[in-house]
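Q: Can you read through this structure? Questions will come right after.
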Amino acid sequence: DEDDDDEDEDDDDEDEDDDDEDEDSSEISASDEDGSWIAWFCGLRGNEFFCEVDEDYIQDDFNLTGLNGLVPYYDYALDMVLDVEMPMEDTLTEEQQEIVESAAEMLYGLIHARYIVTNRGMHAMYEKYRSASFGRCPHVFCQGQPVLPVGLSDLPRNYTVNVFCPRCHGLFFPKSTRQANIDGAYFGTTFPHLYLMNHPDMIPVRPSQQYVPRVYGFKIHQSSLYFRNHEEDPDNRNRRVGRSRQGGGRR
């Protein structure tokens with residue numbers, strides 16, 4: 001009986017060892033999944049437009065020229081992006097830590113805008129474009145044409161990101177509200193156009209069809225106010241309306 005009890009205890013010890021090994025392996029896999037700050041940031045929901053910038057690109061000071069004047073706590077933010085541990089004597093307050101985290105996101109975004117106009121960056125964005133990760137054009141006659149992200153300014157905090165359709169050259173808001181809140185400067189004004197210039201074989205033909213407005217089946221005449229007010233400059237229209245009102249008053 002004592003021998004049986006000893007064997008049971010040995011079995012229990014082996015089971016505990018197996019559990020410990022399982023826990024260790026799960027911790028290892030969890031740390032692998034955590035990865036770098038860049039992988040974590042690009043993996044966040046709503047950040048699907050971003051590609052992972054190579055760390056050697058970020059470590060080249062030439063590629064970061066001028067960014068230290070745009071990003072607060074620049075050195076701390078750069079260390080966070082590159083997963084550099086902060087020295088103990090540089091401990092930040094909770095408020096400062098939040099500022100650094102926000103600054104790291106801005107810094108990465110501005111670096112990202114520069115990276116995606118390089119050959120390596122365009123290649124990384126190509127995979128996303130091919131899989132329509134940036135969305136598709138809502139224009140009916142573009143037939144689901146994949147779009148490319150673009151900003152209306154190269155300076156942060158001016159405009160949110162838009163998407164550009166290579167087929168109709170239309171500019172649209174991203175479908176996802178999360179993506180629609182991303183700063184447009186993180187993609188810049190150049191990327192989609194330079195990308196297509198470098199890949200002319202990917203430039204689609206403009207839609208051959210054009211929507212024709214009709215009323216009860218009849219086309220609306222071009223001289224109608226329907227078209228005149230649509231095509232006329234708003235300032236000219238207001239002046240014309242103002243003159244007609246003044247003329248009516250004199251009569």
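Labeling convention for the structure tokens: chains A, B, ... as they appear, residues from 1 per chain, ligands from 1 in order of appearance.
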Dump as a tab-separated table the rows for residues of region 140-233 of chain A within 7 Å of region 106-113 of chain A: closest atom pair and distance in Å with one decimal, only C-alpha atoms counted, ordered by chain and rising residue number.

A:
```
residue	atom	partner	partner_atom	distance
A:Ala185	CA	A:Leu110	CA	6.7
A:Tyr186	CA	A:Gly109	CA	4.4
A:Phe187	CA	A:Ala113	CA	4.4
A:Gly188	CA	A:Ala113	CA	5.5
```

Q: Mind dumping the selected residues with N, CA and C atoms as an mmCIF file, in the first residue's frame?

A:
```cif
data_model
loop_
_atom_site.group_PDB
_atom_site.id
_atom_site.type_symbol
_atom_site.label_atom_id
_atom_site.label_comp_id
_atom_site.auth_asym_id
_atom_site.auth_seq_id
_atom_site.Cartn_x
_atom_site.Cartn_y
_atom_site.Cartn_z
ATOM 1 N N ALA A 185 -1.647 62.992 -42.040
ATOM 2 C CA ALA A 185 -0.211 63.214 -42.204
ATOM 3 C C ALA A 185 0.588 61.933 -42.051
ATOM 4 N N TYR A 186 -0.010 60.893 -41.457
ATOM 5 C CA TYR A 186 0.693 59.627 -41.276
ATOM 6 C C TYR A 186 0.799 58.838 -42.584
ATOM 7 N N PHE A 187 0.147 59.371 -43.639
ATOM 8 C CA PHE A 187 0.241 58.761 -44.970
ATOM 9 C C PHE A 187 0.709 59.773 -46.004
ATOM 10 N N GLY A 188 0.532 61.056 -45.709
ATOM 11 C CA GLY A 188 1.051 62.117 -46.555
ATOM 12 C C GLY A 188 0.262 62.327 -47.834
#
```

Q: Any chance you could list, as a PyMOL selection string, the residues in region 86-181 of chain A that come up alpha helix (DSSP H) when DSSP is run on the backbone?

A: chain A and resi 94-115+119-130+177-180

Q: Go ahead and compute the interatomic distance for CA of Val161 (chain A) and CA of Phe173 (chain A), in Å to one decimal.

A: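 Computed distance, CA of Val161 (chain A) to CA of Phe173 (chain A), equals 7.5 Å.
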
Q: Have a look at A:Leu67, A:Ile58, A:Arg167, A:Gly184 and name the one nearest to Pro149 (chain A); count only C-alpha atoms.

A: A:Gly184

Q: To test your reading of the structure, identify every residue in region 70-244 of chain A that backbone DSSP assigns to strand (DSSP E), and report it as number ranges by chain.

A: A: 148-150, 162-164, 171-172, 214-215, 218-219

Q: Work out how far apart CA of Cys42 (chain A) and CA of Pro200 (chain A) are and give it in Å to one decimal.

A: 28.2 Å

Q: Go through A:Pro87, A:Pro174, A:Pro146, A:Gly121 one by one, measure the shortest atom-to-atom distance of each to Phe50 (chain A) using only C-alpha atoms, and give the residue with the smallest value.

A: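 Of A:Pro87, A:Pro174, A:Pro146, A:Gly121, the one nearest Phe50 (chain A), counting only C-alpha atoms, is A:Gly121.
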
Q: Measure the distance from CA of Asn158 (chain A) to CA of Val71 (chain A) in Å and round it to one decimal.

A: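 So the answer is 14.9 Å.
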